[in-house]
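Structure data follow from entry-v8.txt (compact mmCIF, C-alpha atoms and all ligand atoms):
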# COMPACT_ATOMS: atom_id res chain seq x y z
CA MET A 1 1.48 8.61 -22.56
CA ARG A 2 -0.14 5.19 -22.51
CA GLU A 3 0.70 2.83 -25.36
CA MET A 4 -2.77 2.58 -26.85
CA ASP A 5 -3.29 6.33 -26.74
CA GLU A 6 -0.27 6.69 -29.02
CA MET A 7 -2.03 4.50 -31.55
CA HIS A 8 -5.18 6.58 -31.45
CA ARG A 9 -3.16 9.75 -31.98
CA ASP A 10 -2.14 9.14 -35.55
CA LEU A 11 -4.60 7.14 -37.58
CA ILE A 12 -2.88 8.03 -40.88
CA ASN A 13 0.56 7.02 -39.66
CA PRO A 14 0.37 4.35 -36.93
CA PHE A 15 3.48 2.66 -38.35
CA PRO A 16 6.16 4.21 -36.07
CA TRP A 17 4.09 3.08 -33.09
CA TYR A 18 3.91 -0.48 -34.45
CA GLU A 19 7.67 -0.42 -34.97
CA LYS A 20 8.22 0.66 -31.38
CA MET A 21 5.88 -2.04 -30.06
CA ARG A 22 7.55 -4.77 -32.15
CA ARG A 23 10.87 -3.69 -30.69
CA GLU A 24 9.87 -3.06 -27.08
CA LYS A 25 6.68 -5.00 -26.32
CA PRO A 26 5.89 -7.43 -29.15
CA VAL A 27 3.16 -9.02 -27.00
CA PHE A 28 1.54 -6.39 -24.86
CA TYR A 29 -1.22 -6.94 -22.30
CA ASP A 30 -3.09 -3.69 -21.93
CA PRO A 31 -4.86 -3.63 -18.55
CA ASP A 32 -6.95 -0.56 -19.46
CA TYR A 33 -8.68 -2.30 -22.33
CA GLY A 34 -8.07 -5.86 -21.10
CA LEU A 35 -6.59 -6.83 -24.46
CA VAL A 36 -3.53 -8.83 -25.45
CA ASN A 37 -1.95 -7.01 -28.41
CA VAL A 38 0.30 -8.97 -30.73
CA PHE A 39 2.61 -7.19 -33.16
CA LYS A 40 5.14 -9.49 -34.84
CA TYR A 41 4.50 -11.32 -38.10
CA ALA A 42 4.98 -14.90 -36.84
CA ASP A 43 2.84 -14.31 -33.73
CA VAL A 44 0.05 -12.57 -35.66
CA LYS A 45 0.01 -15.49 -38.11
CA ARG A 46 -0.18 -17.95 -35.23
CA VAL A 47 -3.10 -16.18 -33.55
CA LEU A 48 -5.07 -15.75 -36.79
CA GLY A 49 -4.35 -19.18 -38.19
CA ASN A 50 -4.70 -21.45 -35.19
CA PHE A 51 -8.41 -21.82 -34.45
CA ASN A 52 -7.80 -24.61 -31.91
CA GLU A 53 -6.04 -22.13 -29.67
CA PHE A 54 -7.74 -18.89 -30.67
CA SER A 55 -11.45 -18.74 -31.36
CA SER A 56 -13.36 -16.36 -33.62
CA GLN A 57 -16.51 -16.91 -31.64
CA PHE A 58 -16.40 -13.67 -29.70
CA GLY A 59 -19.47 -12.16 -31.33
CA LYS A 60 -21.78 -13.31 -28.57
CA ALA A 61 -19.35 -12.12 -25.90
CA PHE A 62 -19.68 -8.58 -27.24
CA ASN A 63 -23.34 -8.91 -28.13
CA PRO A 64 -25.04 -11.48 -25.88
CA ALA A 65 -28.39 -11.17 -27.64
CA GLY A 66 -26.76 -12.52 -30.79
CA GLY A 67 -27.77 -11.04 -34.12
CA PRO A 68 -26.99 -11.61 -37.75
CA ILE A 69 -23.29 -10.80 -37.60
CA SER A 70 -22.54 -13.02 -34.61
CA GLU A 71 -24.15 -15.89 -36.56
CA SER A 72 -21.99 -15.26 -39.62
CA ILE A 73 -18.90 -17.22 -40.66
CA ILE A 74 -16.43 -14.57 -39.56
CA ASN A 75 -17.56 -15.18 -35.97
CA LEU A 76 -17.76 -18.96 -36.08
CA ASP A 77 -15.32 -21.81 -35.49
CA PRO A 78 -15.37 -25.25 -37.11
CA PRO A 79 -17.34 -27.39 -37.64
CA ARG A 80 -20.16 -24.90 -38.33
CA HIS A 81 -17.76 -22.43 -39.95
CA THR A 82 -16.51 -25.00 -42.47
CA LYS A 83 -20.01 -26.05 -43.47
CA LEU A 84 -21.36 -22.54 -43.93
CA ARG A 85 -18.25 -21.32 -45.75
CA ASN A 86 -18.48 -24.25 -48.20
CA ILE A 87 -21.90 -23.08 -49.31
CA VAL A 88 -20.63 -19.80 -50.64
CA SER A 89 -17.00 -20.48 -51.42
CA ARG A 90 -17.66 -21.53 -55.02
CA VAL A 91 -19.28 -18.16 -55.75
CA PHE A 92 -16.04 -16.43 -54.80
CA THR A 93 -13.40 -18.50 -56.61
CA PRO A 94 -11.18 -16.53 -59.01
CA ARG A 95 -12.81 -18.31 -61.98
CA ALA A 96 -16.34 -17.50 -60.86
CA ILE A 97 -15.37 -13.92 -60.12
CA GLU A 98 -13.65 -13.43 -63.48
CA LYS A 99 -17.04 -13.50 -65.17
CA MET A 100 -17.89 -10.24 -63.44
CA GLU A 101 -15.05 -8.37 -65.12
CA PRO A 102 -17.07 -6.72 -67.94
CA ASN A 103 -19.75 -5.70 -65.49
CA ILE A 104 -17.25 -4.16 -63.06
CA ARG A 105 -15.67 -2.24 -65.95
CA GLU A 106 -19.05 -0.82 -66.89
CA ILE A 107 -19.66 0.27 -63.31
CA ALA A 108 -16.24 1.99 -63.19
CA GLU A 109 -16.95 3.74 -66.49
CA SER A 110 -20.38 4.93 -65.38
CA LEU A 111 -18.98 6.37 -62.16
CA MET A 112 -15.98 8.14 -63.69
CA LYS A 113 -16.98 9.31 -67.13
CA GLY A 114 -16.87 13.05 -67.61
CA LYS A 115 -14.61 13.57 -64.60
CA LYS A 116 -11.45 14.57 -66.51
CA GLY A 117 -10.23 18.04 -65.52
CA LYS A 118 -12.34 18.01 -62.34
CA GLU A 119 -11.60 18.02 -58.64
CA VAL A 120 -13.51 15.23 -56.90
CA ASP A 121 -13.75 13.44 -53.58
CA ILE A 122 -12.57 10.16 -55.04
CA VAL A 123 -14.10 8.15 -52.18
CA LYS A 124 -17.56 9.52 -52.80
CA SER A 125 -17.37 9.43 -56.58
CA PHE A 126 -15.51 6.23 -57.21
CA THR A 127 -13.87 4.06 -54.57
CA SER A 128 -16.96 3.74 -52.37
CA PRO A 129 -19.80 3.23 -54.90
CA LEU A 130 -17.78 0.78 -57.00
CA PRO A 131 -17.65 -2.16 -54.53
CA ILE A 132 -21.14 -1.44 -53.19
CA THR A 133 -22.62 -1.69 -56.68
CA VAL A 134 -20.65 -4.87 -57.37
CA ILE A 135 -21.93 -6.59 -54.19
CA ALA A 136 -25.49 -5.46 -54.89
CA THR A 137 -25.24 -7.03 -58.35
CA LEU A 138 -23.83 -10.25 -56.91
CA LEU A 139 -26.58 -10.49 -54.31
CA GLY A 140 -29.26 -9.78 -56.89
CA ILE A 141 -30.55 -6.49 -55.47
CA PRO A 142 -33.03 -5.02 -57.98
CA LEU A 143 -31.76 -1.88 -59.72
CA GLU A 144 -34.56 0.26 -58.36
CA ASP A 145 -33.46 -0.48 -54.79
CA MET A 146 -29.82 0.38 -55.42
CA ASP A 147 -29.91 3.82 -53.75
CA LYS A 148 -31.46 2.40 -50.59
CA PHE A 149 -28.89 -0.37 -50.56
CA LYS A 150 -26.01 2.10 -50.95
CA LEU A 151 -27.34 4.14 -48.06
CA TRP A 152 -27.48 1.11 -45.75
CA SER A 153 -24.08 -0.06 -46.78
CA ASP A 154 -22.55 3.39 -46.20
CA ASN A 155 -24.19 3.62 -42.80
CA ILE A 156 -23.28 0.15 -41.60
CA VAL A 157 -19.62 0.93 -42.01
CA GLY A 158 -19.85 4.74 -41.86
CA GLY A 159 -19.74 5.32 -38.16
CA SER A 160 -20.34 9.02 -37.57
CA GLN A 161 -22.24 9.88 -34.38
CA LYS A 162 -25.44 10.59 -36.26
CA ASP A 163 -25.24 7.26 -38.07
CA TYR A 164 -25.05 5.44 -34.76
CA GLU A 165 -28.18 7.12 -33.45
CA ASN A 166 -30.12 5.90 -36.45
CA PHE A 167 -28.38 2.58 -36.54
CA PRO A 168 -30.97 0.30 -34.88
CA VAL A 169 -33.78 1.76 -37.00
CA MET A 170 -31.75 1.34 -40.13
CA MET A 171 -30.78 -2.25 -39.29
CA LYS A 172 -34.42 -3.12 -38.73
CA GLU A 173 -35.39 -1.64 -42.05
CA MET A 174 -32.58 -3.45 -43.83
CA ILE A 175 -33.33 -6.80 -42.21
CA SER A 176 -36.98 -6.60 -43.16
CA TYR A 177 -35.97 -5.64 -46.72
CA PHE A 178 -33.73 -8.72 -46.99
CA GLN A 179 -36.44 -10.94 -45.53
CA ASN A 180 -38.92 -9.77 -48.16
CA LEU A 181 -36.36 -10.16 -50.91
CA MET A 182 -35.64 -13.72 -49.78
CA VAL A 183 -39.34 -14.57 -50.02
CA GLU A 184 -39.46 -12.95 -53.45
CA LYS A 185 -36.41 -14.90 -54.71
CA GLU A 186 -37.86 -18.15 -53.40
CA LYS A 187 -40.86 -17.57 -55.64
CA ASN A 188 -38.84 -16.37 -58.63
CA PRO A 189 -35.54 -18.27 -58.79
CA ASP A 190 -32.55 -16.55 -60.36
CA ASP A 191 -28.78 -16.95 -60.33
CA SER A 192 -28.25 -14.46 -57.48
CA LEU A 193 -26.24 -15.21 -54.37
CA ILE A 194 -29.36 -14.65 -52.26
CA TYR A 195 -31.17 -17.41 -54.11
CA SER A 196 -28.30 -19.87 -53.75
CA VAL A 197 -27.86 -19.16 -50.03
CA ILE A 198 -31.54 -19.58 -49.15
CA ASN A 199 -31.66 -22.88 -51.01
CA ALA A 200 -28.43 -24.31 -49.68
CA GLU A 201 -28.51 -27.13 -47.15
CA VAL A 202 -26.12 -28.08 -44.38
CA ASP A 203 -26.56 -31.62 -43.04
CA GLY A 204 -29.95 -31.81 -44.72
CA GLU A 205 -31.17 -28.55 -43.22
CA LYS A 206 -31.56 -25.09 -44.65
CA LEU A 207 -29.84 -22.17 -42.98
CA SER A 208 -31.78 -20.27 -40.36
CA MET A 209 -33.09 -16.86 -41.33
CA MET A 210 -30.49 -15.31 -39.00
CA GLU A 211 -27.65 -17.23 -40.65
CA SER A 212 -28.69 -16.20 -44.15
CA LEU A 213 -29.11 -12.59 -43.08
CA GLY A 214 -25.78 -12.72 -41.27
CA PHE A 215 -24.11 -13.76 -44.43
CA PHE A 216 -25.61 -10.98 -46.55
CA ILE A 217 -24.82 -8.33 -43.97
CA LEU A 218 -21.29 -9.69 -43.52
CA LEU A 219 -20.65 -9.17 -47.22
CA LEU A 220 -21.53 -5.50 -46.83
CA VAL A 221 -19.43 -5.07 -43.73
CA ALA A 222 -16.43 -7.15 -44.82
CA GLY A 223 -16.41 -6.44 -48.51
CA ASN A 224 -17.28 -2.84 -49.21
CA GLU A 225 -15.30 -0.51 -47.03
CA THR A 226 -12.19 -2.72 -47.22
CA THR A 227 -12.13 -2.60 -51.00
CA THR A 228 -12.90 1.13 -51.00
CA ASN A 229 -9.95 1.63 -48.70
CA LEU A 230 -7.60 -0.50 -50.79
CA ILE A 231 -8.27 1.61 -53.90
CA SER A 232 -8.07 4.94 -52.03
CA ASN A 233 -4.91 3.80 -50.22
CA ALA A 234 -3.37 2.86 -53.59
CA LEU A 235 -4.12 6.32 -54.99
CA LEU A 236 -2.65 8.08 -51.95
CA THR A 237 0.43 5.85 -51.87
CA MET A 238 1.20 6.39 -55.55
CA ASP A 239 0.78 10.12 -55.13
CA ASP A 240 3.35 9.92 -52.31
CA ASN A 241 5.76 7.94 -54.49
CA GLU A 242 6.68 9.93 -57.57
CA GLY A 243 6.81 8.03 -60.84
CA SER A 244 4.75 5.05 -59.70
CA TYR A 245 1.54 6.06 -61.51
CA GLU A 246 3.51 6.74 -64.69
CA SER A 247 5.05 3.25 -64.45
CA LEU A 248 1.61 1.69 -64.22
CA ARG A 249 0.43 3.74 -67.18
CA GLY A 250 3.42 2.42 -69.12
CA ASP A 251 2.66 -1.21 -68.28
CA ILE A 252 -0.65 -2.26 -66.75
CA ASN A 253 0.85 -5.66 -65.88
CA LEU A 254 2.53 -3.86 -63.00
CA ILE A 255 -0.86 -3.11 -61.41
CA PRO A 256 -1.46 -6.46 -59.61
CA PRO A 257 1.95 -6.55 -57.83
CA ALA A 258 1.60 -2.84 -57.00
CA LEU A 259 -1.75 -3.57 -55.35
CA GLU A 260 -0.19 -6.39 -53.32
CA GLU A 261 2.37 -3.89 -52.07
CA VAL A 262 -0.39 -1.43 -51.13
CA LEU A 263 -2.13 -4.27 -49.25
CA ARG A 264 1.08 -4.79 -47.29
CA TYR A 265 2.10 -1.15 -46.90
CA ARG A 266 -1.29 0.31 -46.00
CA SER A 267 -3.35 -2.74 -45.04
CA PRO A 268 -7.11 -1.98 -45.23
CA VAL A 269 -7.66 -4.22 -42.18
CA GLN A 270 -5.15 -3.31 -39.48
CA SER A 271 -6.38 -5.44 -36.61
CA ILE A 272 -8.72 -8.32 -35.79
CA TYR A 273 -9.99 -10.00 -32.61
CA ARG A 274 -9.66 -13.52 -31.28
CA VAL A 275 -10.41 -15.17 -27.93
CA ALA A 276 -8.01 -17.60 -26.21
CA ARG A 277 -9.65 -21.01 -25.83
CA GLU A 278 -7.21 -22.14 -23.15
CA ASP A 279 -4.33 -20.82 -21.07
CA THR A 280 -1.31 -20.37 -23.31
CA GLU A 281 1.64 -18.10 -23.89
CA ILE A 282 3.02 -16.03 -26.72
CA GLN A 283 6.70 -15.06 -26.63
CA GLY A 284 6.75 -15.88 -22.92
CA VAL A 285 3.76 -13.63 -22.10
CA SER A 286 1.00 -15.64 -20.49
CA VAL A 287 -2.46 -15.47 -22.03
CA LYS A 288 -5.34 -16.68 -19.91
CA GLU A 289 -8.31 -18.63 -21.27
CA GLY A 290 -11.03 -16.20 -22.34
CA SER A 291 -8.62 -13.30 -22.95
CA VAL A 292 -9.36 -11.20 -26.00
CA LEU A 293 -6.39 -10.85 -28.34
CA VAL A 294 -5.70 -8.24 -30.99
CA PRO A 295 -3.39 -9.53 -33.71
CA TRP A 296 -2.16 -6.42 -35.55
CA ILE A 297 -2.04 -7.25 -39.26
CA GLY A 298 -0.91 -3.70 -40.04
CA SER A 299 2.16 -4.24 -37.88
CA ALA A 300 2.90 -7.79 -39.08
CA ASN A 301 2.99 -6.48 -42.63
CA ARG A 302 5.70 -3.97 -41.65
CA ASP A 303 7.84 -6.52 -39.76
CA GLU A 304 11.40 -5.86 -40.88
CA GLY A 305 12.38 -9.45 -40.04
CA ILE A 306 10.16 -10.59 -42.91
CA PHE A 307 10.06 -7.65 -45.34
CA PRO A 308 13.38 -6.00 -46.18
CA ASP A 309 13.03 -2.20 -46.14
CA ALA A 310 9.57 -2.72 -44.64
CA ASP A 311 8.73 0.99 -44.38
CA ARG A 312 9.38 1.62 -48.06
CA PHE A 313 6.72 1.22 -50.72
CA ILE A 314 8.44 -0.99 -53.32
CA MET A 315 6.02 -1.41 -56.17
CA ASP A 316 7.54 -4.61 -57.56
CA ARG A 317 8.52 -6.11 -54.21
CA LYS A 318 9.57 -9.76 -54.51
CA GLU A 319 8.22 -12.47 -52.22
CA ASN A 320 5.50 -10.29 -50.82
CA ARG A 321 4.07 -12.66 -48.19
CA HIS A 322 1.74 -10.07 -46.64
CA ILE A 323 -1.21 -11.24 -44.55
CA ALA A 324 -3.59 -8.42 -45.42
CA PHE A 325 -6.33 -10.96 -46.21
CA GLY A 326 -5.73 -12.91 -43.01
CA GLU A 327 -4.44 -16.42 -42.50
CA GLY A 328 -5.87 -19.93 -42.16
CA ILE A 329 -9.51 -20.96 -42.28
CA HIS A 330 -10.90 -17.40 -42.14
CA TYR A 331 -8.69 -16.24 -45.03
CA CYS A 332 -10.72 -13.58 -46.82
CA LEU A 333 -13.40 -15.14 -48.94
CA GLY A 334 -13.62 -12.02 -51.07
CA ALA A 335 -9.89 -11.70 -51.85
CA PRO A 336 -10.25 -12.62 -55.56
CA LEU A 337 -13.10 -10.14 -55.91
CA ALA A 338 -11.25 -7.37 -54.06
CA ARG A 339 -8.19 -7.96 -56.25
CA LEU A 340 -10.25 -7.86 -59.43
CA GLU A 341 -12.19 -4.72 -58.47
CA SER A 342 -9.09 -2.82 -57.46
CA LYS A 343 -7.21 -3.93 -60.59
CA ILE A 344 -10.06 -2.70 -62.78
CA ALA A 345 -10.23 0.57 -60.84
CA LEU A 346 -6.53 1.27 -61.42
CA GLU A 347 -6.69 0.12 -65.04
CA TYR A 348 -9.57 2.49 -65.59
CA MET A 349 -7.62 5.34 -64.00
CA THR A 350 -4.43 4.73 -65.99
CA GLU A 351 -6.32 4.35 -69.28
CA ASN A 352 -8.34 7.51 -68.81
CA PHE A 353 -6.27 10.00 -66.80
CA ARG A 354 -2.75 11.11 -67.70
CA SER A 355 -2.17 11.97 -64.05
CA TYR A 356 -3.94 12.90 -60.84
CA ASP A 357 -2.96 14.85 -57.75
CA VAL A 358 -4.13 14.33 -54.18
CA LEU A 359 -5.26 17.77 -53.01
CA ARG A 360 -3.49 18.17 -49.71
CA ASN A 361 -5.23 21.48 -48.99
CA ARG A 362 -8.63 19.76 -48.96
CA PRO A 363 -9.86 17.53 -46.10
CA MET A 364 -8.09 14.18 -46.01
CA VAL A 365 -10.32 12.43 -43.50
CA PRO A 366 -9.09 9.06 -42.22
CA GLN A 367 -11.46 6.32 -41.10
CA ASN A 368 -11.95 6.87 -37.40
CA SER A 369 -10.87 3.36 -36.50
CA THR A 370 -7.90 1.28 -35.43
CA ILE A 371 -9.43 -1.76 -37.16
CA VAL A 372 -9.74 -0.48 -40.72
CA TYR A 373 -7.34 1.87 -42.46
CA GLY A 374 -8.39 4.23 -45.19
CA PHE A 375 -10.22 7.45 -45.92
CA LYS A 376 -13.72 8.77 -45.60
CA GLU A 377 -12.82 11.70 -47.82
CA LEU A 378 -9.89 12.12 -50.22
CA TRP A 379 -9.86 14.86 -52.82
CA VAL A 380 -7.99 14.54 -56.09
CA SER A 381 -7.75 16.50 -59.31
CA LEU A 382 -8.01 14.34 -62.41
CA ASN A 383 -5.94 15.33 -65.42
C1 LIG B 401 -9.08 -5.22 -49.86
C2 LIG B 401 -10.20 -5.73 -49.47
C3 LIG B 401 -10.34 -6.73 -48.35
C4 LIG B 401 -9.52 -6.97 -47.27
C5 LIG B 401 -8.21 -6.30 -46.91
C6 LIG B 401 -10.14 -8.02 -46.50
C7 LIG B 401 -9.60 -8.57 -45.35
C8 LIG B 401 -10.12 -9.65 -44.68
C9 LIG B 401 -9.50 -10.29 -43.55
C10 LIG B 401 -8.21 -9.84 -42.89
C11 LIG B 401 -10.29 -11.34 -43.18
C12 LIG B 401 -10.01 -12.34 -42.05
C13 LIG B 401 -10.83 -12.08 -40.82
C14 LIG B 401 -10.48 -13.02 -39.68
O1 LIG B 401 -9.51 -13.76 -39.74
O2 LIG B 401 -11.19 -12.95 -38.67
C15 LIG B 401 -11.42 -11.36 -44.08
C16 LIG B 401 -12.46 -12.27 -44.02
C17 LIG B 401 -13.57 -12.20 -44.83
N1 LIG B 401 -13.76 -11.36 -45.92
FE1 LIG B 401 -12.49 -9.97 -46.59
N2 LIG B 401 -11.32 -8.38 -47.11
C18 LIG B 401 -11.47 -7.63 -48.25
C19 LIG B 401 -12.50 -7.70 -49.17
C20 LIG B 401 -13.56 -8.58 -49.09
C21 LIG B 401 -14.62 -8.67 -50.05
C22 LIG B 401 -14.71 -7.89 -51.36
C23 LIG B 401 -15.50 -9.60 -49.57
C24 LIG B 401 -16.79 -10.11 -50.16
C25 LIG B 401 -17.42 -9.65 -51.12
C26 LIG B 401 -14.98 -10.08 -48.32
C27 LIG B 401 -15.57 -11.04 -47.55
C28 LIG B 401 -15.00 -11.64 -46.46
C29 LIG B 401 -15.63 -12.70 -45.70
C30 LIG B 401 -17.01 -13.30 -45.96
C31 LIG B 401 -14.74 -13.05 -44.67
C32 LIG B 401 -14.94 -14.12 -43.59
C33 LIG B 401 -14.32 -15.40 -44.01
C34 LIG B 401 -14.37 -16.46 -42.95
O3 LIG B 401 -14.62 -16.16 -41.78
O4 LIG B 401 -14.20 -17.64 -43.32
N3 LIG B 401 -13.80 -9.45 -48.06
N4 LIG B 401 -11.29 -10.32 -45.00
Could you spell out this file's structure in structure tokens?
Amino acid sequence: MREMDEMHRDLINPFPWYEKMRREKPVFYDPDYGLVNVFKYADVKRVLGNFNEFSSQFGKAFNPAGGPISESIINLDPPRHTKLRNIVSRVFTPRAIEKMEPNIREIAESLMKGKKGKEVDIVKSFTSPLPITVIATLLGIPLEDMDKFKLWSDNIVGGSQKDYENFPVMMKEMISYFQNLMVEKEKNPDDSLIYSVINAEVDGEKLSMMESLGFFILLLVAGNETTTNLISNALLTMDDNEGSYESLRGDINLIPPALEEVLRYRSPVQSIYRVAREDTEIQGVSVKEGSVLVPWIGSANRDEGIFPDADRFIMDRKENRHIAFGEGIHYCLGAPLARLESKIALEYMTENFRSYDVLRNRPMVPQNSTIVYGFKELWVSLN
């Protein structure tokens, strides 16, 4: 069987395959896909963190016509990347994000109240709507448009066949919605992220419409499903590891380190892309200019050379230097927000439910992706 097919075989447990690749082919050029796959911690860090060698500007290579996402910071290199990121970085500092805590608690409460004693798809009821509602609030989406916004967000990252058919229509609708909202906010200033982005200047110039849109859409793509997956992955992992939920109930201060371990153990983003800017080599394997690389974060975070007992979930692991939020200049802008949302989600759970069980006889549907790791559907009973 070909190497990459092995990966696609087990989306819930790709970890034995990573282990094999780290051991046998830590840098693997796959001629079928034309990709250079990188599996070891130090090499993944190098590829992610070194923008002089490895560019993030592959958006246009995949989508020559451009479009909002290829104009967004995740697909840009310096100097433009630095300038655009500076505009929004202050909105996402831990101190700025802290202010959202009461609001996030209210959202968690509104989603979960009355659920005790019930069997629910926790993704649908809790882990998916929570981050979507938080982002909508941050952007300044009016309450009455919330359902529409949720639908777009779900579909952008959803990815079933049917969603793809409707995708261009939906994108058009969403883009025109954002354009109207930007005009509206210009007339009626508020403290929303949309207002601050449309009024920001880089080198004396405002952002183009495409750049502003790219930023808003990026937040949906980068921020929602990842956070959903982190919370769902935490619930599954604790269910697998007896006693861990009880420990968190006993001391909620254990929640943040436990979440860091979930980020390492079941990283919501498993892989990313980069493009080689010049001929180079990694571990003696030559990489030609223009080659597309896949640094596997999910594998780096299980590298036994860095993490003792890497395949064990150790809730209070010391020196947890995982790279689940990336490395270098593209380090996740939303990390403080993702950490806060997932902490509140677990606090809410431990304060309100004595226990929960993942229902293994119900569908446990993984995300159909080798890039993100998590669940589309995960049923639990709440006690
Ligand atoms: C557990 C949840 C999350 C994980 C695991 C995660 C992971 C990542 C990773 C690995 C990157 C680096 C991409 C690269 O190097 O190309 C990244 C970038 C980014 N993330 Fe997150 N993310 C999460 C949540 C969020 C949230 C909540 C937001 C915003 C609300 C967000 C916004 C962004 C943005 C804007 C970037 C691009 C930064 C840049 O290019 O400078 N993420 N994220």
| Hey, which residues come within 8 Å of ligand LIG 401 (chain B) if we count all atoms listed in the file? Could you give them as a ChimeraX atom specification? | /A:48-49,56,72-76,81-82,85,92,131,135,215,218-220,222-231,263,267-274,297,323-339,342
| task | For atom CA of Met210 of chain A and atom CA of Ile194 of chain A, quote the distance in Å rounded to one decimal. | result |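 One can read the atom CA of Met210 of chain A to atom CA of Ile194 of chain A distance as 13.3 Å.
Taking all atoms listed in the file, the non-local environment of Arg105 of chain A within 8 Å (same-chain residues fewer than 6 positions away omitted) comprises Ile344, Ala345 and Tyr348 of chain A.
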Excluding same-chain residues fewer than 5 positions from Phe313 of chain A, what lies within 10 Å of it counting only C-alpha atoms, as a short mmCIF file (atom, residue, chain, number, x, y, z; two decimals) with C-alpha atoms, in the coordinates of the input?
data_model
loop_
_atom_site.label_atom_id
_atom_site.label_comp_id
_atom_site.auth_asym_id
_atom_site.auth_seq_id
_atom_site.Cartn_x
_atom_site.Cartn_y
_atom_site.Cartn_z
CA THR A 237 0.43 5.85 -51.87
CA MET A 238 1.20 6.39 -55.55
CA ASP A 240 3.35 9.92 -52.31
CA ASN A 241 5.76 7.94 -54.49
CA SER A 244 4.75 5.05 -59.70
CA ALA A 258 1.60 -2.84 -57.00
CA GLU A 261 2.37 -3.89 -52.07
CA VAL A 262 -0.39 -1.43 -51.13
CA ARG A 264 1.08 -4.79 -47.29
CA TYR A 265 2.10 -1.15 -46.90
CA ARG A 266 -1.29 0.31 -46.00
#
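Atom pair atom CA of Gln57 of chain A / atom CA of Gly290 of chain A has a distance of 10.8 Å (rounded to one decimal).
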| request: Considering only C-alpha atoms, state which residue in the set A:Arg317, A:Lys376, A:Ser381, A:Lys115 is at the smallest distance from Arg360 of chain A. | output: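 When distances to Arg360 of chain A are compared using only C-alpha atoms, the smallest one comes from A:Ser381.
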| Among the residues A:Leu359, A:Leu346, A:Met182, A:Ile282, the one that comes closest to Phe126 of chain A [using only C-alpha atoms] | A:Leu346
Exercise on segment 304-316 of chain A, axis-aligned box with 4 Å per side, report centre and edge lengths in Å to one decimal, as AutoDock Vina command-line options:
--center_x 9.7 --center_y -4.5 --center_z -48.8 --size_x 15.4 --size_y 20.2 --size_z 25.5
| message | Nearest residue to Pro366 of chain A out of A:Ile255, A:Asp311, A:Asp10, A:Ile107, using all atoms listed in the file? | response |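 Residue with the minimum atom-to-atom distance to Pro366 of chain A: A:Asp10.
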| field | Distance of atom CA of Ser232 of chain A from atom CA of Ile306 of chain A, expressed in Å to one decimal place | value |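 Between atom CA of Ile306 of chain A and atom CA of Ser232 of chain A the gap works out to 25.6 Å.
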| said: Between A:Phe54, A:Ser291, A:Arg321, A:Leu236, which residue has the minimum interatomic distance to Pro78 of chain A, considering all atoms listed in the file? | reply: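 The closest residue to Pro78 of chain A is A:Phe54.
If you measure from each of A:Ile69, A:Val197, A:Val47, A:Leu11 to Ala276 of chain A using all atoms listed in the file, the closest one turns out to be A:Val47.
Nearest-residue note for Ile175 of chain A: choosing from A:Ser70, A:Pro16, A:Met146, A:Phe216, the minimum distance belongs to A:Phe216, counting all atoms listed in the file.
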| said: Tell me which residues come within 7 Å of (4.8, -6.0, -56.2), as a VMD selection string, counting all atoms listed in the file in the file's coordinates. | reply: chain A and resid 257 to 258 260 to 261 314 to 318 320
